[in-house]
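Participant: My structure is in coords.csv, and what it holds is CSV, C-alpha atoms:
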chain,number,residue,atom,x,y,z
A,22,MET,CA,37.7,23.2,-24.1
A,23,ARG,CA,35.1,24.4,-26.6
A,24,VAL,CA,36.5,27.6,-28.0
A,25,LEU,CA,34.8,30.1,-30.2
A,26,GLY,CA,37.1,31.7,-32.7
A,27,ILE,CA,36.4,35.1,-34.4
A,28,GLU,CA,38.4,36.4,-37.4
A,29,THR,CA,37.8,40.0,-38.7
A,30,SER,CA,41.3,41.2,-39.6
A,31,CYS,CA,40.5,42.3,-43.2
A,32,ASP,CA,37.7,41.4,-45.6
A,33,GLU,CA,36.5,38.0,-44.4
A,34,THR,CA,34.3,37.5,-41.4
A,35,GLY,CA,35.2,34.1,-40.0
A,36,VAL,CA,33.7,32.2,-37.1
A,37,ALA,CA,34.4,28.6,-35.8
A,38,VAL,CA,34.2,26.4,-32.8
A,39,TYR,CA,37.1,24.1,-31.9
A,40,ASP,CA,36.7,21.4,-29.3
A,41,THR,CA,40.0,20.0,-27.8
A,42,ALA,CA,38.2,16.9,-26.6
A,43,LEU,CA,37.7,15.6,-30.1
A,44,ALA,CA,40.3,13.8,-32.2
A,45,GLY,CA,42.1,15.3,-35.3
A,46,ALA,CA,40.0,17.3,-37.7
A,47,ALA,CA,36.8,16.4,-35.9
A,48,GLY,CA,37.8,18.9,-33.3
A,49,LEU,CA,36.7,21.6,-35.7
A,50,ARG,CA,33.0,21.3,-34.8
A,51,ALA,CA,31.8,24.0,-37.2
A,52,GLN,CA,33.0,27.0,-39.1
A,53,ALA,CA,31.6,29.7,-41.4
A,54,VAL,CA,33.2,32.4,-43.5
A,55,TYR,CA,31.6,35.4,-45.2
A,56,SER,CA,33.7,37.1,-47.9
A,57,GLN,CA,33.4,40.8,-48.7
A,58,VAL,CA,34.7,40.4,-52.3
A,59,ALA,CA,31.5,41.6,-53.9
A,60,LEU,CA,31.4,44.6,-51.6
A,61,HIS,CA,34.9,45.8,-52.5
A,62,ALA,CA,35.0,44.7,-56.2
A,63,GLU,CA,33.7,48.1,-57.6
A,64,TYR,CA,36.6,49.9,-55.8
A,65,GLY,CA,39.3,47.5,-57.0
A,66,GLY,CA,40.5,46.8,-53.4
A,67,VAL,CA,39.5,46.7,-49.8
A,68,VAL,CA,38.0,49.9,-48.3
A,69,PRO,CA,38.7,49.7,-44.6
A,70,GLU,CA,35.6,51.6,-43.4
A,71,LEU,CA,33.3,49.5,-45.5
A,72,ALA,CA,35.0,46.3,-44.3
A,73,SER,CA,34.5,47.3,-40.7
A,74,ARG,CA,30.8,48.1,-41.2
A,75,ASP,CA,30.2,44.8,-42.9
A,76,HIS,CA,31.8,42.9,-40.1
A,77,VAL,CA,29.3,44.6,-37.8
A,78,ARG,CA,26.4,43.4,-39.9
A,79,LYS,CA,27.6,39.8,-40.4
A,80,LEU,CA,29.4,38.8,-37.3
A,81,LEU,CA,26.5,38.1,-34.9
A,82,PRO,CA,24.5,36.1,-37.4
A,83,LEU,CA,27.6,34.0,-38.3
A,84,ILE,CA,28.1,33.3,-34.6
A,85,ARG,CA,24.6,32.1,-34.2
A,86,GLN,CA,24.8,30.0,-37.4
A,87,THR,CA,28.1,28.4,-36.4
A,88,LEU,CA,26.9,27.5,-32.9
A,89,ALA,CA,23.8,25.9,-34.3
A,90,GLU,CA,25.8,23.8,-36.8
A,91,ALA,CA,28.1,22.7,-33.9
A,92,GLY,CA,25.0,21.7,-31.9
A,93,LEU,CA,26.0,24.1,-29.0
A,94,ALA,CA,24.4,26.8,-27.1
A,95,VAL,CA,26.3,30.0,-26.2
A,96,ALA,CA,26.5,28.8,-22.6
A,97,ASP,CA,28.4,25.7,-23.7
A,98,LEU,CA,31.5,27.7,-24.6
A,99,ASP,CA,34.6,27.5,-22.4
A,100,GLY,CA,36.5,30.4,-24.0
A,101,VAL,CA,36.6,32.9,-26.8
A,102,ALA,CA,39.5,33.7,-29.1
A,103,TYR,CA,39.7,36.5,-31.6
A,104,THR,CA,42.2,38.1,-34.0
A,105,ALA,CA,43.8,40.9,-32.2
A,106,GLY,CA,46.2,41.7,-35.1
A,107,PRO,CA,47.9,42.4,-37.4
A,108,GLY,CA,45.2,43.8,-39.6
A,109,LEU,CA,42.9,46.8,-40.3
A,110,VAL,CA,42.4,48.4,-36.9
A,111,GLY,CA,38.6,49.1,-37.5
A,112,ALA,CA,38.0,45.6,-38.6
A,113,LEU,CA,40.0,44.2,-35.7
A,114,LEU,CA,38.0,46.2,-33.2
A,115,VAL,CA,34.7,44.7,-34.4
A,116,GLY,CA,35.8,41.2,-33.6
A,117,ALA,CA,37.6,42.2,-30.5
A,118,GLY,CA,34.6,44.0,-29.1
A,119,VAL,CA,32.2,41.2,-29.7
A,120,ALA,CA,34.6,38.6,-28.4
A,121,ARG,CA,35.4,40.5,-25.2
A,122,SER,CA,31.7,41.3,-24.5
A,123,LEU,CA,30.7,37.6,-25.0
A,124,ALA,CA,33.5,36.4,-22.8
A,125,TRP,CA,32.5,38.8,-20.1
A,126,ALA,CA,28.8,37.9,-20.3
A,127,LEU,CA,29.7,34.2,-20.0
A,128,ASP,CA,32.4,34.6,-17.4
A,129,VAL,CA,34.9,32.7,-19.6
A,130,PRO,CA,38.5,33.6,-20.5
A,131,ALA,CA,39.2,35.4,-23.8
A,132,LEU,CA,42.4,35.7,-25.8
A,133,GLY,CA,43.6,37.9,-28.6
A,134,VAL,CA,45.3,35.7,-31.2
A,135,HIS,CA,48.1,36.7,-33.6
A,136,HIS,CA,46.7,36.4,-37.1
A,137,MET,CA,49.8,34.9,-38.6
A,138,GLU,CA,50.2,32.4,-35.7
A,139,GLY,CA,46.7,31.3,-36.6
A,140,HIS,CA,47.8,30.7,-40.2
A,141,LEU,CA,51.0,29.0,-39.1
A,142,LEU,CA,49.2,26.5,-36.9
A,143,ALA,CA,46.3,25.8,-39.3
A,144,PRO,CA,48.0,22.6,-40.8
A,145,LEU,CA,47.9,21.1,-37.3
A,146,ILE,CA,44.1,21.1,-37.3
A,147,GLU,CA,44.2,18.4,-39.9
A,148,ASP,CA,44.3,14.6,-39.2
A,149,PRO,CA,47.9,13.5,-38.9
A,150,ASP,CA,49.6,11.9,-41.9
A,151,PRO,CA,49.2,8.1,-41.5
A,152,VAL,CA,53.0,7.6,-42.1
A,153,HIS,CA,54.6,10.7,-40.6
A,154,GLY,CA,52.1,11.9,-38.1
A,155,ARG,CA,51.4,15.5,-37.4
A,156,PRO,CA,54.3,18.0,-38.0
A,157,GLU,CA,56.1,18.6,-34.7
A,158,PRO,CA,58.5,21.5,-34.0
A,159,PRO,CA,61.2,22.3,-34.8
A,160,PHE,CA,60.2,23.0,-38.4
A,161,VAL,CA,60.2,25.9,-41.0
A,162,ALA,CA,57.1,27.7,-41.9
A,163,LEU,CA,56.4,29.7,-45.1
A,164,LEU,CA,53.6,32.2,-44.4
A,165,VAL,CA,52.5,33.5,-47.8
A,166,SER,CA,49.4,35.6,-48.3
A,167,GLY,CA,48.2,39.0,-49.6
A,168,GLY,CA,49.8,40.9,-46.8
A,169,HIS,CA,52.7,38.7,-45.7
A,170,THR,CA,55.5,36.6,-47.1
A,171,GLN,CA,57.7,35.3,-44.3
A,172,LEU,CA,60.0,32.4,-43.6
A,173,VAL,CA,59.8,31.5,-39.9
A,174,ALA,CA,61.8,29.0,-37.8
A,175,VAL,CA,59.4,27.3,-35.4
A,176,ASP,CA,61.4,26.1,-32.5
A,177,ALA,CA,58.3,25.3,-30.5
A,178,ILE,CA,54.7,26.5,-30.6
A,179,GLY,CA,54.8,30.1,-29.5
A,180,SER,CA,58.6,30.3,-30.1
A,181,TYR,CA,59.3,31.8,-33.5
A,182,ARG,CA,62.4,33.3,-35.3
A,183,LEU,CA,62.0,35.3,-38.5
A,184,LEU,CA,64.4,34.0,-41.1
A,185,GLY,CA,63.4,36.2,-44.0
A,186,GLU,CA,60.5,38.3,-45.3
A,187,THR,CA,59.5,40.4,-48.2
A,188,LEU,CA,61.1,43.8,-48.6
A,189,ASP,CA,58.2,45.2,-50.5
A,190,ASP,CA,55.1,43.5,-52.0
A,191,ALA,CA,54.0,40.2,-50.5
A,192,ALA,CA,53.5,37.4,-53.0
A,193,GLY,CA,49.7,37.6,-52.8
A,194,GLU,CA,49.8,41.3,-53.2
A,195,ALA,CA,52.1,40.9,-56.3
A,196,PHE,CA,49.5,38.5,-57.7
A,197,ASP,CA,46.7,41.0,-57.2
A,198,LYS,CA,48.6,44.0,-58.6
A,199,THR,CA,49.9,42.1,-61.6
A,200,ALA,CA,46.4,40.9,-62.4
A,201,LYS,CA,45.1,44.5,-62.1
A,202,LEU,CA,47.7,45.9,-64.5
A,203,MET,CA,46.7,43.2,-67.0
A,204,GLY,CA,43.0,44.2,-66.8
A,205,LEU,CA,41.7,41.3,-64.7
A,206,PRO,CA,38.9,42.1,-62.3
A,207,TYR,CA,39.2,42.1,-58.5
A,208,PRO,CA,40.2,40.0,-56.7
A,209,GLY,CA,42.9,39.4,-59.3
A,210,GLY,CA,45.2,36.9,-57.7
A,211,PRO,CA,43.0,33.8,-58.0
A,212,GLN,CA,42.0,34.9,-61.5
A,213,LEU,CA,45.6,35.3,-62.5
A,214,ALA,CA,46.4,31.8,-61.2
A,215,ALA,CA,43.4,30.3,-63.1
A,216,LEU,CA,44.6,32.1,-66.3
A,217,ALA,CA,48.1,30.8,-65.8
A,218,GLU,CA,46.7,27.3,-66.2
A,219,GLN,CA,46.0,28.1,-69.9
A,220,GLY,CA,49.5,29.6,-70.5
A,221,ALA,CA,52.4,27.9,-72.1
A,222,PRO,CA,55.5,27.5,-69.9
A,223,GLY,CA,58.7,29.2,-71.1
A,224,VAL,CA,57.1,31.7,-73.5
A,225,TYR,CA,57.8,34.4,-71.0
A,226,ARG,CA,60.6,33.8,-68.5
A,227,PHE,CA,60.8,36.5,-65.8
A,228,PRO,CA,63.7,36.8,-63.3
A,229,ARG,CA,63.6,35.0,-60.0
A,230,PRO,CA,64.1,38.0,-57.7
A,231,MET,CA,66.9,37.9,-55.1
A,232,THR,CA,67.8,34.3,-55.8
A,233,ASN,CA,71.2,35.1,-57.3
A,234,ARG,CA,72.5,36.4,-53.9
A,235,PRO,CA,72.6,34.9,-50.4
A,236,GLY,CA,69.8,35.5,-47.9
A,237,LEU,CA,66.2,34.6,-47.2
A,238,ASP,CA,64.4,37.9,-47.9
A,239,PHE,CA,62.0,38.3,-50.8
A,240,SER,CA,61.2,41.2,-53.3
A,241,PHE,CA,58.4,41.0,-55.8
A,242,SER,CA,58.1,44.7,-56.9
A,243,GLY,CA,60.7,44.4,-59.7
A,244,LEU,CA,59.0,41.2,-61.0
A,245,LYS,CA,55.8,43.2,-61.2
A,246,THR,CA,57.5,45.9,-63.2
A,247,GLN,CA,59.0,43.2,-65.6
A,248,VAL,CA,55.5,41.9,-66.2
A,249,LEU,CA,54.1,45.4,-66.8
A,250,LEU,CA,56.8,46.0,-69.5
A,251,ALA,CA,56.1,42.6,-71.2
A,252,TRP,CA,52.4,43.3,-71.2
A,253,ARG,CA,52.8,46.8,-72.6
A,254,ASP,CA,55.0,45.6,-75.4
A,255,SER,CA,52.9,42.6,-76.3
A,256,ASP,CA,49.8,42.2,-78.6
A,257,GLN,CA,47.7,41.9,-75.4
A,258,GLY,CA,45.8,39.1,-76.9
A,259,GLY,CA,44.1,36.3,-74.9
A,260,GLN,CA,46.8,33.7,-75.3
A,261,THR,CA,49.5,36.3,-74.7
A,262,ARG,CA,47.8,37.3,-71.4
A,263,ALA,CA,47.7,33.6,-70.4
A,264,ASP,CA,51.4,33.1,-71.3
A,265,ILE,CA,52.5,36.1,-69.3
A,266,ALA,CA,50.4,35.0,-66.3
A,267,ARG,CA,52.1,31.6,-66.5
A,268,GLY,CA,55.5,33.2,-66.7
A,269,PHE,CA,54.7,35.4,-63.7
A,270,GLU,CA,53.4,32.5,-61.6
A,271,ASP,CA,56.3,30.3,-62.5
A,272,ALA,CA,58.7,33.0,-61.3
A,273,VAL,CA,56.9,33.5,-58.0
A,274,VAL,CA,56.7,29.7,-57.4
A,275,GLU,CA,60.3,29.1,-58.2
A,276,THR,CA,61.4,32.0,-56.1
A,277,LEU,CA,59.5,30.7,-53.1
A,278,ALA,CA,60.8,27.2,-53.6
A,279,ILE,CA,64.4,28.3,-53.8
A,280,LYS,CA,64.1,30.4,-50.6
A,281,CYS,CA,62.3,27.6,-48.8
A,282,GLU,CA,65.1,25.1,-49.5
A,283,ARG,CA,67.6,27.6,-48.3
A,284,ALA,CA,65.6,28.1,-45.1
A,285,LEU,CA,65.4,24.4,-44.5
A,286,ASP,CA,69.2,24.2,-44.8
A,287,ALA,CA,69.7,27.2,-42.5
A,288,ALA,CA,67.4,25.8,-39.9
A,289,GLY,CA,68.7,22.2,-40.2
A,290,SER,CA,65.2,20.9,-40.8
A,291,GLU,CA,63.5,18.7,-43.3
A,292,VAL,CA,59.9,19.7,-42.4
A,293,LEU,CA,58.2,22.7,-44.1
A,294,VAL,CA,54.7,24.0,-43.2
A,295,VAL,CA,53.0,26.3,-45.7
A,296,ALA,CA,50.1,28.5,-44.8
A,297,GLY,CA,48.3,31.6,-46.0
A,298,GLY,CA,46.1,32.3,-49.0
A,299,VAL,CA,48.8,31.7,-51.6
A,300,GLY,CA,49.4,28.3,-50.0
A,301,ALA,CA,46.3,27.2,-51.9
A,302,ASN,CA,48.0,27.7,-55.2
A,303,ARG,CA,48.1,24.4,-57.0
A,304,ARG,CA,51.5,24.9,-58.8
A,305,LEU,CA,53.2,26.1,-55.6
A,306,ARG,CA,52.0,23.0,-53.8
A,307,THR,CA,53.3,20.7,-56.5
A,308,ARG,CA,56.7,22.5,-56.7
A,309,LEU,CA,57.2,22.4,-52.9
A,310,GLN,CA,56.2,18.8,-52.6
A,311,ALA,CA,58.7,17.9,-55.3
A,312,MET,CA,61.4,19.9,-53.5
A,313,ALA,CA,60.7,18.3,-50.2
A,314,ALA,CA,60.6,14.8,-51.6
A,315,ALA,CA,64.0,15.3,-53.4
A,316,ARG,CA,65.5,16.1,-49.9
A,317,GLY,CA,63.8,13.2,-48.2
A,318,GLY,CA,61.7,15.6,-46.2
A,319,ARG,CA,58.0,16.6,-46.1
A,320,VAL,CA,55.8,19.6,-46.6
A,321,CYS,CA,52.5,20.1,-44.9
A,322,PHE,CA,49.5,22.3,-46.0
A,323,PRO,CA,46.1,22.9,-44.6
A,324,ARG,CA,43.1,22.2,-46.7
A,325,PRO,CA,42.6,25.0,-49.3
A,326,GLU,CA,39.6,26.6,-47.4
A,327,LEU,CA,41.9,27.0,-44.3
A,328,CYS,CA,44.5,28.8,-46.3
A,329,THR,CA,42.5,32.0,-46.6
A,330,ASP,CA,41.5,34.0,-43.5
A,331,ASN,CA,39.1,31.9,-41.4
A,332,GLY,CA,37.8,31.5,-37.9
A,333,ALA,CA,39.0,27.9,-37.6
A,334,MET,CA,42.7,28.9,-37.3
A,335,ILE,CA,41.9,31.5,-34.6
A,336,ALA,CA,39.7,29.0,-32.6
A,337,PHE,CA,42.5,26.4,-32.8
A,338,ALA,CA,45.4,28.8,-31.9
A,339,GLY,CA,43.3,30.3,-29.2
A,340,ALA,CA,42.4,26.8,-27.8
A,341,LEU,CA,46.0,25.9,-27.5
A,342,ARG,CA,46.9,29.0,-25.5
A,343,LEU,CA,43.7,29.1,-23.4
A,344,ALA,CA,44.1,25.5,-22.4
A,345,ALA,CA,47.7,26.3,-21.4
A,346,GLY,CA,46.3,28.8,-19.0
A,347,GLN,CA,47.0,31.9,-21.0
A,348,HIS,CA,44.3,34.6,-21.3
A,349,ASP,CA,44.0,38.4,-21.5
A,350,ASP,CA,42.6,40.9,-19.1
A,351,ALA,CA,39.3,42.7,-19.8
A,352,ALA,CA,40.8,45.2,-22.2
A,353,VAL,CA,39.7,45.1,-25.9
A,354,ARG,CA,43.0,44.6,-27.9
A,355,ALA,CA,43.6,45.6,-31.5
A,356,VAL,CA,47.2,45.6,-32.7
A,357,PRO,CA,47.5,46.6,-36.4
A,358,ARG,CA,51.2,45.9,-36.4
A,359,TRP,CA,52.5,43.0,-34.2
A,360,ASP,CA,55.8,41.1,-34.3
A,361,MET,CA,55.1,37.4,-34.0
A,362,ALA,CA,58.5,37.0,-32.3
A,363,THR,CA,57.2,38.8,-29.2
A,364,LEU,CA,54.6,36.1,-28.5
A,365,ALA,CA,54.8,34.2,-25.2
A,366,PRO,CA,55.8,30.5,-25.6
A,367,LEU,CA,53.1,27.9,-25.1
A,368,ALA,CA,53.4,26.0,-21.8
A,369,PRO,CA,53.9,22.3,-22.2
A,370,ALA,CA,50.8,20.2,-22.5
A,371,ARG,CA,51.6,18.2,-19.4
A,372,ASP,CA,51.3,21.5,-17.4
A,373,SER,CA,48.3,22.8,-19.1
A,374,GLY,CA,46.3,19.6,-19.4
A,375,LEU,CA,45.9,20.0,-23.2
A,376,GLU,CA,46.6,17.2,-25.6
A,377,ILE,CA,46.4,17.3,-29.4
A,378,ARG,CA,44.9,14.0,-30.3
A,379,ASP,CA,45.2,12.2,-33.5
A,380,SER,CA,42.5,10.0,-35.2
A,381,GLN,CA,44.0,6.8,-33.8
A,382,GLU,CA,43.5,8.1,-30.2
A,383,HIS,CA,47.3,8.3,-29.6
A,384,SER,CA,47.9,11.5,-27.6
A,385,LYS,CA,50.8,13.7,-28.4
A,386,PRO,CA,51.8,16.6,-26.2
A,387,ALA,CA,51.6,20.1,-27.7
A,388,ARG,CA,55.1,21.4,-27.5
Could I get this file's structure written as structure tokens?

Facilitator:
Amino acid sequence: MRVLGIETSCDETGVAVYDTALAGAAGLRAQAVYSQVALHAEYGGVVPELASRDHVRKLLPLIRQTLAEAGLAVADLDGVAYTAGPGLVGALLVGAGVARSLAWALDVPALGVHHMEGHLLAPLIEDPDPVHGRPEPPFVALLVSGGHTQLVAVDAIGSYRLLGETLDDAAGEAFDKTAKLMGLPYPGGPQLAALAEQGAPGVYRFPRPMTNRPGLDFSFSGLKTQVLLAWRDSDQGGQTRADIARGFEDAVVETLAIKCERALDAAGSEVLVVAGGVGANRRLRTRLQAMAAARGGRVCFPRPELCTDNGAMIAFAGALRLAAGQHDDAAVRAVPRWDMATLAPLAPARDSGLEIRDSQEHSKPAR
């Protein structure tokens, strides 16, 4: 199947085409992402109405661009997948409306995809590791972004159990808010991470929230307050700002690593999949790789550009379900809040005809 994926859940307009007939990463025929960062920068955060209107302006040109890069005409599509939630309802409706209209005009099936399932499956787009192959369920997933921080047990594709989640700020949100209180421009999270590279480790040591008690939930609001107090009482010089940024990043990274190791123990797994915008953080990747290696396990990440919101993950997740015979009715679906545990399991590949193929042409069924 050649599936068009559309992502408009927040402030990125993403479009991609995924072709299940091609092997490994080659299945991603083309993708394009337009970021609204410049639009929202003067407001210090995402303005939902402006986000929706910008999706309206950018989505159709991006679809035309992506199809041209893939060497396909609209009529060559076999299905359309779009982000149905969670996200900003106005932004979701833009992508949902275009996707449903296009599918109706082409008389092809359409499917609303769960945004976080798209993130969770993004590492499976990549070529399989030459030694270990592609990660196969069961495994543990860390979904870590601006809006979500969750640990999920993946029993099978489409069968998910929530192990732990944030009780307040998500990790990415904590990065953004901490950057803002230290005077860094929007979007602050990536700038804070870049600043931390210049900081000295150990000058500021902040607590690792909720790691001194059992459980797999997270909380980052108290850490944010600790940074605020440290910043307020400091000389607020350039090196001090970098040292505080380093202390904050180390605290978040170590907290995530501790909880991930506990989740692997709880699930009886040695395979960790990490996805979401914060999954692109260099120090987090290094720390989780070291943790997994020490256990004799492995950790899998998508390439950095597939960590942030993108159409590729929606096209891929949609292709798996569409090829398994799942699709929606003609209703336009937008679900701002959506529990991933309510998703339908994916039918076995031998029933759906879908195979996820690796670069050596050895087929593995999608379970």

Participant: Which one is closest to Gly167 of chain A: A:Thr187, A:Thr261, A:Asn233, A:Thr363? Count only C-alpha atoms.

Facilitator: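 Selected residue with least distance to Gly167 of chain A: A:Thr187.
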
Participant: Which is closest to Val299 of chain A among A:Asp75, A:Glu194, A:Asp189, A:Asp128, if we use all atoms listed in the file?

Facilitator: A:Glu194

Participant: For each of A:Ala47, A:Leu327, A:Val134, A:Ala200, take the minimum atom-to-atom distance to Leu364 of chain A, counting all atoms listed in the file, then give the residue where this is smallest.

Facilitator: A:Val134

Participant: Between atom CA of Ala174 of chain A and atom CA of Gly289 of chain A, what is the spacing in Å?

Facilitator: 10.0 Å

Participant: Would you compute the distance between atom CA of Ala313 of chain A and atom CA of Leu277 of chain A? Give it in Å to one decimal.

Facilitator: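 Atom-to-atom, atom CA of Ala313 of chain A to atom CA of Leu277 of chain A, that is 12.8 Å.
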
Participant: Of the candidates A:Arg354, A:Arg229, A:Arg121, A:Arg319, which one gets nearest to Phe160 of chain A if we count only C-alpha atoms?

Facilitator: A:Arg319

Participant: Dig up all the protein and nucleic acid residues within 12 Å of (26.5, 23.5, -34.3) in the file frame, using all atoms listed in the file, and format them as a PyMOL selection string.

Facilitator: chain A and resi 23+25+36-40+49-53+83-95+97-98

Participant: Kindly export the residues of the current selection with C-alpha atoms, as a PDB file, keeping the file's coordinate frame.

Facilitator:
ATOM      1  CA  ARG A  23      35.100  24.400 -26.600  1.00  0.00           C
ATOM      2  CA  LEU A  25      34.800  30.100 -30.200  1.00  0.00           C
ATOM      3  CA  VAL A  36      33.700  32.200 -37.100  1.00  0.00           C
ATOM      4  CA  ALA A  37      34.400  28.600 -35.800  1.00  0.00           C
ATOM      5  CA  VAL A  38      34.200  26.400 -32.800  1.00  0.00           C
ATOM      6  CA  TYR A  39      37.100  24.100 -31.900  1.00  0.00           C
ATOM      7  CA  ASP A  40      36.700  21.400 -29.300  1.00  0.00           C
ATOM      8  CA  LEU A  49      36.700  21.600 -35.700  1.00  0.00           C
ATOM      9  CA  ARG A  50      33.000  21.300 -34.800  1.00  0.00           C
ATOM     10  CA  ALA A  51      31.800  24.000 -37.200  1.00  0.00           C
ATOM     11  CA  GLN A  52      33.000  27.000 -39.100  1.00  0.00           C
ATOM     12  CA  ALA A  53      31.600  29.700 -41.400  1.00  0.00           C
ATOM     13  CA  LEU A  83      27.600  34.000 -38.300  1.00  0.00           C
ATOM     14  CA  ILE A  84      28.100  33.300 -34.600  1.00  0.00           C
ATOM     15  CA  ARG A  85      24.600  32.100 -34.200  1.00  0.00           C
ATOM     16  CA  GLN A  86      24.800  30.000 -37.400  1.00  0.00           C
ATOM     17  CA  THR A  87      28.100  28.400 -36.400  1.00  0.00           C
ATOM     18  CA  LEU A  88      26.900  27.500 -32.900  1.00  0.00           C
ATOM     19  CA  ALA A  89      23.800  25.900 -34.300  1.00  0.00           C
ATOM     20  CA  GLU A  90      25.800  23.800 -36.800  1.00  0.00           C
ATOM     21  CA  ALA A  91      28.100  22.700 -33.900  1.00  0.00           C
ATOM     22  CA  GLY A  92      25.000  21.700 -31.900  1.00  0.00           C
ATOM     23  CA  LEU A  93      26.000  24.100 -29.000  1.00  0.00           C
ATOM     24  CA  ALA A  94      24.400  26.800 -27.100  1.00  0.00           C
ATOM     25  CA  VAL A  95      26.300  30.000 -26.200  1.00  0.00           C
ATOM     26  CA  ASP A  97      28.400  25.700 -23.700  1.00  0.00           C
ATOM     27  CA  LEU A  98      31.500  27.700 -24.600  1.00  0.00           C
TER      28      LEU A  98
END

Participant: Can you tell me, as a VMD selection string, what residues are no more than 8 Å from Arg226 of chain A when counting only C-alpha atoms, ignoring any on the same chain fewer than 2 positions away?

Facilitator: chain A and resid 223 to 224 228 268 to 269 272

Participant: Applying 9 Å and only C-alpha atoms, which residues near Ser240 of chain A remain after dropping the ones on its own chain fewer than 4 positions away? List them as an mmCIF file with C-alpha atoms, in the frame of the given file.

Facilitator:
data_model
loop_
_atom_site.group_PDB
_atom_site.id
_atom_site.type_symbol
_atom_site.label_atom_id
_atom_site.label_comp_id
_atom_site.auth_asym_id
_atom_site.auth_seq_id
_atom_site.Cartn_x
_atom_site.Cartn_y
_atom_site.Cartn_z
ATOM 1 C CA GLU A 186 60.500 38.300 -45.300
ATOM 2 C CA THR A 187 59.500 40.400 -48.200
ATOM 3 C CA LEU A 188 61.100 43.800 -48.600
ATOM 4 C CA ASP A 189 58.200 45.200 -50.500
ATOM 5 C CA ASP A 190 55.100 43.500 -52.000
ATOM 6 C CA ALA A 191 54.000 40.200 -50.500
ATOM 7 C CA ALA A 192 53.500 37.400 -53.000
ATOM 8 C CA PRO A 230 64.100 38.000 -57.700
ATOM 9 C CA MET A 231 66.900 37.900 -55.100
ATOM 10 C CA LEU A 244 59.000 41.200 -61.000
#

Participant: Applying 6 Å and all atoms listed in the file, which residues near Ala263 of chain A remain after dropping the ones on its own chain fewer than 6 positions away? List them as a PyMOL selection string.

Facilitator: chain A and resi 216-217+219-220

Participant: Write to file, as a PDB file, in the frame of the given file, the residues of the selection just made, with C-alpha atoms.

Facilitator:
ATOM      1  CA  LEU A 216      44.600  32.100 -66.300  1.00  0.00           C
ATOM      2  CA  ALA A 217      48.100  30.800 -65.800  1.00  0.00           C
ATOM      3  CA  GLN A 219      46.000  28.100 -69.900  1.00  0.00           C
ATOM      4  CA  GLY A 220      49.500  29.600 -70.500  1.00  0.00           C
TER       5      GLY A 220
END
